[in-house]
>>> print(open('query10.pdb').read())   # PDB, C-alpha atoms and all ligand atoms
MODEL        1
ATOM      1  CA  MET A  18       0.000   0.000   0.000
ATOM      2  CA  SER A  19       1.291   3.496  -0.800
ATOM      3  CA  GLY A  20       1.926   6.083   1.912
ATOM      4  CA  GLU A  21      -0.890   8.128   0.462
ATOM      5  CA  GLU A  22      -3.360   5.241   0.881
ATOM      6  CA  SER A  23      -2.354   4.711   4.536
ATOM      7  CA  VAL A  24      -2.844   8.399   5.208
ATOM      8  CA  HIS A  25      -6.220   8.228   3.521
ATOM      9  CA  ILE A  26      -7.294   5.307   5.699
ATOM     10  CA  ALA A  27      -5.893   6.954   8.818
ATOM     11  CA  ALA A  28      -7.902  10.100   8.047
ATOM     12  CA  ALA A  29     -11.054   8.109   7.343
ATOM     13  CA  GLU A  30     -10.564   6.249  10.607
ATOM     14  CA  MET A  31     -10.050   9.403  12.635
ATOM     15  CA  HIS A  32     -13.467  10.628  11.580
ATOM     16  CA  MET A  33     -15.028   7.230  11.861
ATOM     17  CA  ALA A  34     -13.389   5.527  14.784
ATOM     18  CA  ASP A  35     -16.808   4.767  16.185
ATOM     19  CA  SER A  36     -18.767   4.368  13.005
ATOM     20  CA  ASP A  37     -19.969   1.209  11.348
ATOM     21  CA  LEU A  38     -17.579  -1.039   9.484
ATOM     22  CA  SER A  39     -19.764  -0.785   6.364
ATOM     23  CA  GLU A  40     -19.428   3.012   6.365
ATOM     24  CA  SER A  41     -15.714   2.975   7.095
ATOM     25  CA  ILE A  42     -14.985   0.407   4.405
ATOM     26  CA  LYS A  43     -16.926   2.390   1.822
ATOM     27  CA  ALA A  44     -15.048   5.574   2.766
ATOM     28  CA  ALA A  45     -11.671   3.821   2.793
ATOM     29  CA  THR A  46     -12.208   2.378  -0.706
ATOM     30  CA  LYS A  47     -13.890   5.380  -2.318
ATOM     31  CA  ASP A  48     -10.810   6.466  -4.287
ATOM     32  CA  SER A  49      -9.998   2.860  -5.168
ATOM     33  CA  HIS A  50     -13.503   2.441  -6.563
ATOM     34  CA  VAL A  51     -13.004   5.434  -8.835
ATOM     35  CA  ARG A  52      -9.682   3.980  -9.996
ATOM     36  CA  ALA A  53     -11.277   0.583 -10.661
ATOM     37  CA  GLU A  54     -14.029   2.246 -12.707
ATOM     38  CA  ASN A  55     -11.369   4.028 -14.721
ATOM     39  CA  THR A  56      -9.381   0.961 -15.776
ATOM     40  CA  GLU A  57      -9.430   0.403 -19.514
ATOM     41  CA  LEU A  58     -11.482  -2.778 -19.124
ATOM     42  CA  MET A  59     -14.174  -1.087 -17.033
ATOM     43  CA  ARG A  60     -14.159   1.959 -19.309
ATOM     44  CA  SER A  61     -15.039  -0.333 -22.212
ATOM     45  CA  TYR A  62     -18.019  -1.383 -20.151
ATOM     46  CA  VAL A  63     -18.996   2.176 -19.357
ATOM     47  CA  ARG A  64     -18.925   2.883 -23.114
ATOM     48  CA  GLY A  65     -21.131  -0.180 -23.609
ATOM     49  CA  GLN A  66     -18.532  -1.833 -25.848
ATOM     50  CA  VAL A  67     -17.255  -5.003 -24.238
ATOM     51  CA  SER A  68     -15.740  -7.497 -26.686
ATOM     52  CA  SER A  69     -16.071 -11.238 -26.453
ATOM     53  CA  SER A  70     -12.313 -11.629 -25.857
ATOM     54  CA  GLN A  71     -12.430  -9.145 -22.997
ATOM     55  CA  TYR A  72     -15.398 -10.878 -21.418
ATOM     56  CA  LYS A  73     -13.991 -14.386 -21.864
ATOM     57  CA  LEU A  74     -10.689 -13.435 -20.256
ATOM     58  CA  LEU A  75     -12.562 -11.722 -17.447
ATOM     59  CA  LEU A  76     -14.586 -14.891 -16.837
ATOM     60  CA  CYS A  77     -11.397 -16.989 -16.662
ATOM     61  CA  SER A  78      -9.922 -14.680 -14.039
ATOM     62  CA  LEU A  79     -13.143 -14.417 -12.065
ATOM     63  CA  TYR A  80     -13.289 -18.210 -11.975
ATOM     64  CA  GLU A  81      -9.860 -18.421 -10.314
ATOM     65  CA  ILE A  82     -10.696 -15.566  -7.952
ATOM     66  CA  TYR A  83     -14.049 -16.959  -6.811
ATOM     67  CA  ARG A  84     -12.649 -20.458  -6.531
ATOM     68  CA  ALA A  85     -10.118 -19.162  -4.007
ATOM     69  CA  LEU A  86     -12.579 -16.789  -2.290
ATOM     70  CA  GLU A  87     -15.378 -19.305  -1.883
ATOM     71  CA  GLU A  88     -13.039 -22.087  -0.750
ATOM     72  CA  ALA A  89     -11.677 -19.754   1.918
ATOM     73  CA  LEU A  90     -15.185 -18.686   2.981
ATOM     74  CA  ASP A  91     -16.464 -22.286   3.077
ATOM     75  CA  ARG A  92     -13.494 -23.423   5.111
ATOM     76  CA  ASN A  93     -13.982 -20.586   7.607
ATOM     77  CA  ALA A  94     -17.788 -20.610   7.621
ATOM     78  CA  SER A  95     -17.968 -20.997  11.390
ATOM     79  CA  HIS A  96     -15.327 -18.356  12.160
ATOM     80  CA  PRO A  97     -16.997 -15.523  14.144
ATOM     81  CA  ALA A  98     -15.826 -12.896  11.646
ATOM     82  CA  VAL A  99     -17.100 -14.903   8.676
ATOM     83  CA  MET A 100     -20.326 -16.483   9.914
ATOM     84  CA  PRO A 101     -22.404 -13.253   9.816
ATOM     85  CA  ILE A 102     -21.475 -12.545   6.171
ATOM     86  CA  TYR A 103     -21.539 -16.151   4.945
ATOM     87  CA  PHE A 104     -24.328 -16.364   2.346
ATOM     88  CA  PRO A 105     -23.407 -19.214  -0.019
ATOM     89  CA  GLN A 106     -27.014 -19.820  -1.052
ATOM     90  CA  GLU A 107     -27.538 -16.240  -2.132
ATOM     91  CA  LEU A 108     -24.092 -15.213  -3.325
ATOM     92  CA  ALA A 109     -21.896 -18.152  -4.408
ATOM     93  CA  ARG A 110     -20.596 -17.491  -7.933
ATOM     94  CA  LEU A 111     -18.419 -20.489  -8.708
ATOM     95  CA  GLU A 112     -21.096 -22.584 -10.386
ATOM     96  CA  THR A 113     -22.375 -19.662 -12.439
ATOM     97  CA  LEU A 114     -18.826 -19.052 -13.674
ATOM     98  CA  GLN A 115     -18.417 -22.736 -14.588
ATOM     99  CA  ARG A 116     -21.650 -22.535 -16.592
ATOM    100  CA  ASP A 117     -20.596 -19.353 -18.389
ATOM    101  CA  LEU A 118     -17.144 -20.746 -19.182
ATOM    102  CA  GLU A 119     -18.712 -23.902 -20.591
ATOM    103  CA  HIS A 120     -20.970 -21.759 -22.755
ATOM    104  CA  PHE A 121     -18.000 -19.966 -24.339
ATOM    105  CA  TYR A 122     -15.290 -22.646 -24.301
ATOM    106  CA  GLY A 123     -17.291 -25.868 -24.477
ATOM    107  CA  GLN A 124     -16.999 -28.945 -22.288
ATOM    108  CA  SER A 125     -13.200 -28.869 -22.151
ATOM    109  CA  TRP A 126     -13.235 -25.322 -20.723
ATOM    110  CA  ARG A 127     -10.947 -26.328 -17.858
ATOM    111  CA  GLN A 128      -8.078 -26.891 -20.296
ATOM    112  CA  LYS A 129      -8.682 -23.546 -21.958
ATOM    113  CA  ILE A 130      -8.595 -21.265 -18.966
ATOM    114  CA  ILE A 131      -5.903 -18.639 -19.201
ATOM    115  CA  VAL A 132      -5.179 -16.071 -16.535
ATOM    116  CA  PRO A 133      -2.546 -13.384 -16.062
ATOM    117  CA  ALA A 134      -0.057 -13.238 -13.189
ATOM    118  CA  ALA A 135      -2.182 -10.668 -11.335
ATOM    119  CA  THR A 136      -5.002 -13.200 -11.033
ATOM    120  CA  LEU A 137      -2.638 -15.756  -9.541
ATOM    121  CA  ARG A 138      -1.447 -13.156  -7.028
ATOM    122  CA  TYR A 139      -5.051 -12.338  -6.089
ATOM    123  CA  ALA A 140      -5.953 -16.020  -5.607
ATOM    124  CA  LYS A 141      -2.763 -16.542  -3.602
ATOM    125  CA  ARG A 142      -3.625 -13.668  -1.278
ATOM    126  CA  LEU A 143      -7.120 -15.089  -0.750
ATOM    127  CA  ARG A 144      -5.716 -18.493   0.198
ATOM    128  CA  GLU A 145      -3.171 -16.877   2.480
ATOM    129  CA  ILE A 146      -5.720 -14.880   4.451
ATOM    130  CA  GLY A 147      -8.082 -17.876   4.519
ATOM    131  CA  GLU A 148      -5.343 -19.602   6.496
ATOM    132  CA  LYS A 149      -3.767 -16.790   8.494
ATOM    133  CA  HIS A 150      -6.346 -14.003   8.768
ATOM    134  CA  PRO A 151      -9.923 -15.230   8.243
ATOM    135  CA  GLU A 152     -11.153 -11.951   9.750
ATOM    136  CA  TYR A 153      -9.894 -10.195   6.587
ATOM    137  CA  LEU A 154     -12.178 -12.270   4.367
ATOM    138  CA  VAL A 155     -14.983  -9.780   4.958
ATOM    139  CA  ALA A 156     -12.930  -7.172   3.052
ATOM    140  CA  HIS A 157     -12.677  -9.424   0.005
ATOM    141  CA  ALA A 158     -16.242 -10.708   0.152
ATOM    142  CA  TYR A 159     -17.470  -7.102   0.424
ATOM    143  CA  THR A 160     -15.359  -5.916  -2.512
ATOM    144  CA  ARG A 161     -16.549  -8.632  -4.871
ATOM    145  CA  TYR A 162     -20.115  -9.466  -3.831
ATOM    146  CA  LEU A 163     -21.340  -5.957  -3.064
ATOM    147  CA  GLY A 164     -19.745  -4.817  -6.319
ATOM    148  CA  ASP A 165     -21.513  -7.620  -8.195
ATOM    149  CA  LEU A 166     -24.816  -6.569  -6.628
ATOM    150  CA  SER A 167     -24.204  -2.892  -7.494
ATOM    151  CA  GLY A 168     -22.434  -1.813 -10.697
ATOM    152  CA  GLY A 169     -22.192  -5.508 -11.641
ATOM    153  CA  GLN A 170     -25.871  -5.543 -12.492
ATOM    154  CA  VAL A 171     -25.287  -2.892 -15.161
ATOM    155  CA  LEU A 172     -22.221  -4.761 -16.434
ATOM    156  CA  GLY A 173     -24.382  -7.861 -16.944
ATOM    157  CA  ARG A 174     -26.856  -5.991 -19.116
ATOM    158  CA  ILE A 175     -24.040  -4.404 -21.154
ATOM    159  CA  THR A 176     -22.402  -7.813 -21.680
ATOM    160  CA  GLN A 177     -25.650  -9.365 -22.835
ATOM    161  CA  LYS A 178     -26.359  -6.496 -25.207
ATOM    162  CA  SER A 179     -22.882  -6.040 -26.681
ATOM    163  CA  LEU A 180     -22.338  -9.776 -27.269
ATOM    164  CA  GLY A 181     -25.913 -10.372 -28.435
ATOM    165  CA  LEU A 182     -26.426 -13.181 -25.913
ATOM    166  CA  LYS A 183     -29.854 -14.744 -25.599
ATOM    167  CA  ASP A 184     -31.819 -15.888 -22.544
ATOM    168  CA  GLY A 185     -29.058 -15.127 -20.058
ATOM    169  CA  GLU A 186     -26.712 -17.615 -21.763
ATOM    170  CA  GLY A 187     -23.096 -16.969 -20.795
ATOM    171  CA  VAL A 188     -24.030 -14.260 -18.291
ATOM    172  CA  SER A 189     -25.303 -16.271 -15.335
ATOM    173  CA  PHE A 190     -22.442 -14.801 -13.295
ATOM    174  CA  PHE A 191     -24.354 -11.523 -13.059
ATOM    175  CA  SER A 192     -27.628 -13.025 -12.000
ATOM    176  CA  PHE A 193     -28.554 -13.704  -8.371
ATOM    177  CA  PRO A 194     -31.854 -15.627  -8.435
ATOM    178  CA  ALA A 195     -31.862 -16.029  -4.641
ATOM    179  CA  VAL A 196     -31.589 -12.257  -4.119
ATOM    180  CA  SER A 197     -34.946 -10.687  -4.928
ATOM    181  CA  SER A 198     -33.889  -7.135  -4.116
ATOM    182  CA  PRO A 199     -30.173  -6.315  -4.433
ATOM    183  CA  SER A 200     -30.579  -3.067  -2.502
ATOM    184  CA  LEU A 201     -32.367  -4.739   0.430
ATOM    185  CA  PHE A 202     -29.839  -7.546   0.421
ATOM    186  CA  LYS A 203     -26.997  -5.017   0.496
ATOM    187  CA  GLN A 204     -28.615  -3.425   3.552
ATOM    188  CA  LEU A 205     -28.766  -6.793   5.285
ATOM    189  CA  TYR A 206     -25.165  -7.518   4.303
ATOM    190  CA  ARG A 207     -23.985  -4.165   5.689
ATOM    191  CA  SER A 208     -25.772  -4.760   8.984
ATOM    192  CA  ARG A 209     -24.149  -8.204   9.223
ATOM    193  CA  MET A 210     -20.753  -6.647   8.529
ATOM    194  CA  ASN A 211     -21.434  -4.177  11.321
ATOM    195  CA  SER A 212     -22.204  -6.984  13.752
ATOM    196  CA  ILE A 213     -18.709  -8.476  13.437
ATOM    197  CA  GLU A 214     -16.677  -7.864  16.570
ATOM    198  CA  LEU A 215     -13.165  -6.693  15.779
ATOM    199  CA  THR A 216     -10.365  -5.209  17.823
ATOM    200  CA  GLN A 217      -9.139  -1.816  16.654
ATOM    201  CA  GLU A 218      -6.105  -3.494  15.122
ATOM    202  CA  GLN A 219      -8.204  -6.072  13.272
ATOM    203  CA  ARG A 220     -10.541  -3.364  12.041
ATOM    204  CA  GLU A 221      -7.639  -1.381  10.620
ATOM    205  CA  GLY A 222      -6.363  -4.571   9.012
ATOM    206  CA  VAL A 223      -9.760  -5.154   7.384
ATOM    207  CA  LEU A 224      -9.833  -1.613   5.976
ATOM    208  CA  GLN A 225      -6.333  -1.976   4.572
ATOM    209  CA  GLU A 226      -7.267  -5.359   3.120
ATOM    210  CA  ALA A 227     -10.273  -3.825   1.352
ATOM    211  CA  VAL A 228      -8.029  -1.263  -0.345
ATOM    212  CA  ARG A 229      -5.742  -4.148  -1.270
ATOM    213  CA  ALA A 230      -8.691  -6.124  -2.645
ATOM    214  CA  PHE A 231      -9.570  -3.246  -4.974
ATOM    215  CA  GLU A 232      -5.908  -2.952  -5.947
ATOM    216  CA  LEU A 233      -5.785  -6.665  -6.809
ATOM    217  CA  ASN A 234      -8.860  -6.268  -8.997
ATOM    218  CA  ILE A 235      -7.354  -3.259 -10.763
ATOM    219  CA  GLU A 236      -4.183  -5.222 -11.475
ATOM    220  CA  VAL A 237      -6.216  -8.108 -12.913
ATOM    221  CA  PHE A 238      -8.147  -5.756 -15.204
ATOM    222  CA  ASP A 239      -4.934  -4.058 -16.350
ATOM    223  CA  ASP A 240      -3.223  -7.399 -17.021
ATOM    224  CA  ILE A 241      -6.211  -8.657 -19.020
ATOM    225  CA  GLN A 242      -6.129  -5.534 -21.148
ATOM    226  CA  GLU A 243      -2.393  -5.968 -21.664
ATOM    227  CA  MET A 244      -2.859  -9.569 -22.735
ATOM    228  CA  LEU A 245      -5.391  -8.424 -25.306
ATOM    229  CA  SER A 246      -3.182  -5.650 -26.611
ATOM    230  CA  ILE A 247      -0.334  -8.034 -27.441
ATOM    231  CA  ALA A 248      -2.425 -11.016 -28.545
ATOM    232  CA  GLN A 249      -3.612 -10.707 -32.141
ATOM    233  CA  PRO A 250      -5.589 -12.556 -33.319
ATOM    234  CA  GLU A 251      -7.441 -14.031 -30.378
ATOM    235  CA  THR A 252      -6.565 -17.651 -31.266
ATOM    236  CA  ASP A 253      -2.889 -16.787 -30.749
ATOM    237  CA  LEU A 254      -3.536 -15.891 -27.145
ATOM    238  CA  ARG A 255      -2.492 -19.116 -25.484
ATOM    239  CA  GLN A 256       0.761 -19.544 -27.365
ATOM    240  CA  ARG A 257       1.873 -15.969 -27.071
ATOM    241  CA  HIS A 258       1.231 -15.912 -23.375
ATOM    242  CA  ILE A 259       3.055 -19.111 -22.672
ATOM    243  CA  LYS A 260       6.093 -17.260 -24.032
ATOM    244  CA  HIS A 261       5.468 -14.272 -21.791
ATOM    245  CA  SER A 262       6.578 -14.985 -18.268
ATOM    246  CA  HIS A 263       3.799 -12.886 -16.723
ATOM    247  CA  ALA A 264       1.036 -15.223 -17.859
ATOM    248  CA  GLN A 265       0.336 -18.803 -16.936
ATOM    249  CA  LEU A 266      -1.955 -21.438 -18.228
ATOM    250  CA  LEU A 267      -3.895 -23.239 -15.531
ATOM    251  CA  GLN A 268      -5.159 -26.764 -15.841
TER     252      GLN A 268
HETATM  253  C1  LIG B   1     -21.031   0.083  -5.489
HETATM  254  C2  LIG B   1     -20.842   1.319 -10.133
HETATM  255  C3  LIG B   1     -16.836  -1.278 -10.734
HETATM  256  C4  LIG B   1     -17.047  -2.593  -6.095
HETATM  257  C5  LIG B   1     -21.322   0.617  -6.697
HETATM  258  C6  LIG B   1     -22.486   1.419  -6.971
HETATM  259  C7  LIG B   1     -22.445   1.758  -8.257
HETATM  260  C8  LIG B   1     -21.241   1.180  -8.829
HETATM  261  C9  LIG B   1     -23.457   2.602  -9.031
HETATM  262  C10 LIG B   1     -23.575   1.758  -5.976
HETATM  263  C11 LIG B   1     -23.129   2.877  -5.072
HETATM  264  C12 LIG B   1     -24.071   3.029  -3.909
HETATM  265  O1  LIG B   1     -24.988   2.220  -3.756
HETATM  266  O2  LIG B   1     -23.831   3.928  -3.138
HETATM  267  C13 LIG B   1     -19.749   0.704 -10.689
HETATM  268  C14 LIG B   1     -19.389   0.790 -12.088
HETATM  269  C15 LIG B   1     -18.252   0.058 -12.251
HETATM  270  C16 LIG B   1     -17.920  -0.488 -10.958
HETATM  271  C17 LIG B   1     -20.169   1.558 -13.137
HETATM  272  C18 LIG B   1     -17.438  -0.222 -13.467
HETATM  273  C19 LIG B   1     -17.706   0.187 -14.654
HETATM  274  C20 LIG B   1     -16.552  -1.864  -9.527
HETATM  275  C21 LIG B   1     -15.450  -2.742  -9.299
HETATM  276  C22 LIG B   1     -15.503  -3.114  -7.993
HETATM  277  C23 LIG B   1     -16.652  -2.462  -7.403
HETATM  278  C24 LIG B   1     -14.447  -3.160 -10.345
HETATM  279  C25 LIG B   1     -14.604  -4.030  -7.211
HETATM  280  C26 LIG B   1     -13.888  -4.976  -7.716
HETATM  281  C27 LIG B   1     -18.134  -1.975  -5.533
HETATM  282  C28 LIG B   1     -18.543  -2.137  -4.155
HETATM  283  C29 LIG B   1     -19.690  -1.382  -3.977
HETATM  284  C30 LIG B   1     -19.969  -0.761  -5.264
HETATM  285  C31 LIG B   1     -17.849  -2.984  -3.110
HETATM  286  C32 LIG B   1     -20.506  -1.239  -2.692
HETATM  287  C33 LIG B   1     -20.180   0.085  -2.024
HETATM  288  C34 LIG B   1     -20.907   0.202  -0.697
HETATM  289  O3  LIG B   1     -22.114   0.370  -0.721
HETATM  290  O4  LIG B   1     -20.247   0.100   0.333
HETATM  291  N1  LIG B   1     -20.587   0.484  -7.851
HETATM  292  N2  LIG B   1     -18.842  -0.068 -10.040
HETATM  293  N3  LIG B   1     -17.250  -1.710  -8.365
HETATM  294  N4  LIG B   1     -19.004  -1.149  -6.170
HETATM  295 FE1  LIG B   1     -18.901  -0.556  -8.078
ENDMDL
END
>>> encode(input="query10.pdb", output="structure tokens", more="lines below")
Ligand code: HEM
Amino acid sequence: MSGEESVHIAAAEMHMADSDLSESIKAATKDSHVRAENTELMRSYVRGQVSSSQYKLLLCSLYEIYRALEEALDRNASHPAVMPIYFPQELARLETLQRDLEHFYGQSWRQKIIVPAATLRYAKRLREIGEKHPEYLVAHAYTRYLGDLSGGQVLGRITQKSLGLKDGEGVSFFSFPAVSSPSLFKQLYRSRMNSIELTQEQREGVLQEAVRAFELNIEVFDDIQEMLSIAQPETDLRQRHIKHSHAQLLQ
């Protein structure tokens, strides 16, 4: 984390030492959210122009990220800092991602997944905190799931429209059938976050981890865009990236 980010969090904390975790986390990640929205990948979305190669690479990375996140959450489901925000029925994304990947890559999608180094770093961090700091998982779950239930809903519609997909095929990641009202669910989620008991030190750690979670996402988006800029045409992607040390093919 940069010095500037620590100062930002320290300032947010000074004003909010007593306020709810959900408010503090939103304040601490406000600038990061703006930066995430301004990545080239997200700007394509804002322009309503996502390409199938962008979306397919995003799905591959999201699969690795949610695999690590949901494994860590499942394993720590009874941890006091995880239990209140553990909503696998409503939120779990892994199966939706498997379905979407199968739609685009066919039955052998597992052999075709390609992710950049940033995605591996993100998944590694998730596994690490799942083992050493389960109380930080709330920062990661917040960053992904509340994002998916917010701007993510718009991203789903843009994906469907720009790729001409029918009947929700290939975009099940964006749909949450067990959440009838995203805004009410977000309220519930925030109140559960606020019920987690944390020491001051743990709370500061969670806020820092949330900034880090956004940073990890930004790096993934930037890496995906870089992969696309050097891979022409799309079918060359795998081979070119095997040659580039910053990308790895996962089985
Ligand atoms: C919330 C838009 C990208 C994480 C929101 C909200 C909007 C939005 C409109 C609702 C704000 C509110 O209810 O006050 C967008 C757009 C994006 C984008 C247009 C990209 C084009 C992202 C990304 C992430 C993210 C990449 C993280 C990886 C979040 C989170 C919230 C949120 C965690 C909940 C904030 C809170 O209520 O505490 N976003 N977003 N967003 N977004 Fe995004």
>>> axis_aligned_box(input="query10.pdb", around="ligand LIG 1 (chain B)", padding_each_side="6 Å", output="AutoDock Vina command-line options")
--center_x -19.4 --center_y -0.5 --center_z -7.2 --size_x 23.1 --size_y 20.9 --size_z 27.0
>>> resolve_selection(input="query10.pdb", expression="the PyMOL selection byres (((not hetatm)) within 9 of (chain B and resi 1))", output="number ranges by chain")
A: 39-44, 46-47, 49-56, 58-64, 156-172, 200, 203-204, 207, 227, 230-235, 238
>>> residues_around(input="query10.pdb", residues="Val237 (chain A)", least_positions_apart="6", cutoff="9 Å", atoms="only C-alpha atoms", output="VMD selection string")
chain A and resid 75 78 132 to 136 139
>>> resolve_selection(input="query10.pdb", expression="the PyMOL selection byres (((chain A and resi 120) around 12) and not hetatm)", output="short mmCIF file (atom, residue, chain, number, x, y, z; two decimals) with C-alpha atoms, in the coordinates of the input")
data_model
loop_
_atom_site.label_atom_id
_atom_site.label_comp_id
_atom_site.auth_asym_id
_atom_site.auth_seq_id
_atom_site.Cartn_x
_atom_site.Cartn_y
_atom_site.Cartn_z
CA LYS A 73 -13.99 -14.39 -21.86
CA LEU A 76 -14.59 -14.89 -16.84
CA THR A 113 -22.38 -19.66 -12.44
CA LEU A 114 -18.83 -19.05 -13.67
CA GLN A 115 -18.42 -22.74 -14.59
CA ARG A 116 -21.65 -22.54 -16.59
CA ASP A 117 -20.60 -19.35 -18.39
CA LEU A 118 -17.14 -20.75 -19.18
CA GLU A 119 -18.71 -23.90 -20.59
CA PHE A 121 -18.00 -19.97 -24.34
CA TYR A 122 -15.29 -22.65 -24.30
CA GLY A 123 -17.29 -25.87 -24.48
CA GLN A 124 -17.00 -28.94 -22.29
CA SER A 125 -13.20 -28.87 -22.15
CA TRP A 126 -13.24 -25.32 -20.72
CA LEU A 182 -26.43 -13.18 -25.91
CA LYS A 183 -29.85 -14.74 -25.60
CA GLY A 185 -29.06 -15.13 -20.06
CA GLU A 186 -26.71 -17.61 -21.76
CA GLY A 187 -23.10 -16.97 -20.80
CA VAL A 188 -24.03 -14.26 -18.29
CA SER A 189 -25.30 -16.27 -15.34
CA PHE A 190 -22.44 -14.80 -13.30
#
>>> resolve_selection(input="query10.pdb", expression="the PyMOL selection byres (((chain A and resi 106) around 10) and not hetatm)", output="list in words")
Tyr103, Phe104, Pro105, Glu107, Leu108, Ala109, Arg110, Phe193, Pro194, Ala195 and Val196 of chain A
>>> write_last_selection(input="query10.pdb", atoms="C-alpha atoms", output="mmCIF file, keeping the file's coordinate frame")
data_model
loop_
_atom_site.group_PDB
_atom_site.id
_atom_site.type_symbol
_atom_site.label_atom_id
_atom_site.label_comp_id
_atom_site.auth_asym_id
_atom_site.auth_seq_id
_atom_site.Cartn_x
_atom_site.Cartn_y
_atom_site.Cartn_z
ATOM 1 C CA TYR A 103 -21.539 -16.151 4.945
ATOM 2 C CA PHE A 104 -24.328 -16.364 2.346
ATOM 3 C CA PRO A 105 -23.407 -19.214 -0.019
ATOM 4 C CA GLU A 107 -27.538 -16.240 -2.132
ATOM 5 C CA LEU A 108 -24.092 -15.213 -3.325
ATOM 6 C CA ALA A 109 -21.896 -18.152 -4.408
ATOM 7 C CA ARG A 110 -20.596 -17.491 -7.933
ATOM 8 C CA PHE A 193 -28.554 -13.704 -8.371
ATOM 9 C CA PRO A 194 -31.854 -15.627 -8.435
ATOM 10 C CA ALA A 195 -31.862 -16.029 -4.641
ATOM 11 C CA VAL A 196 -31.589 -12.257 -4.119
#
>>> atom_distance(input="query10.pdb", atom1="CA of Gln177 (chain A)", atom2="CA of Leu90 (chain A)")
29.4 Å
>>> atom_distance(input="query10.pdb", atom1="CA of Ile247 (chain A)", atom2="CA of Ala140 (chain A)")
23.9 Å
>>> residues_near_point(input="query10.pdb", point="(-18.2, -7.8, -26.2)", cutoff="10 Å", atoms="all atoms listed in the file", output="list in words")
Ser61, Tyr62, Gly65, Gln66, Val67, Ser68, Ser69, Ser70, Gln71, Tyr72, Lys73, Ile175, Thr176, Gln177, Lys178, Ser179, Leu180, Gly181 and Leu182 of chain A
>>> residues_around(input="query10.pdb", residues="Glu148 (chain A)", least_positions_apart="4", cutoff="9 Å", atoms="all atoms listed in the file", output="list in words")
Ala89, Asn93, Leu143 and Arg144 of chain A
>>> atom_distance(input="query10.pdb", atom1="CA of Met244 (chain A)", atom2="CA of Tyr80 (chain A)")
17.3 Å
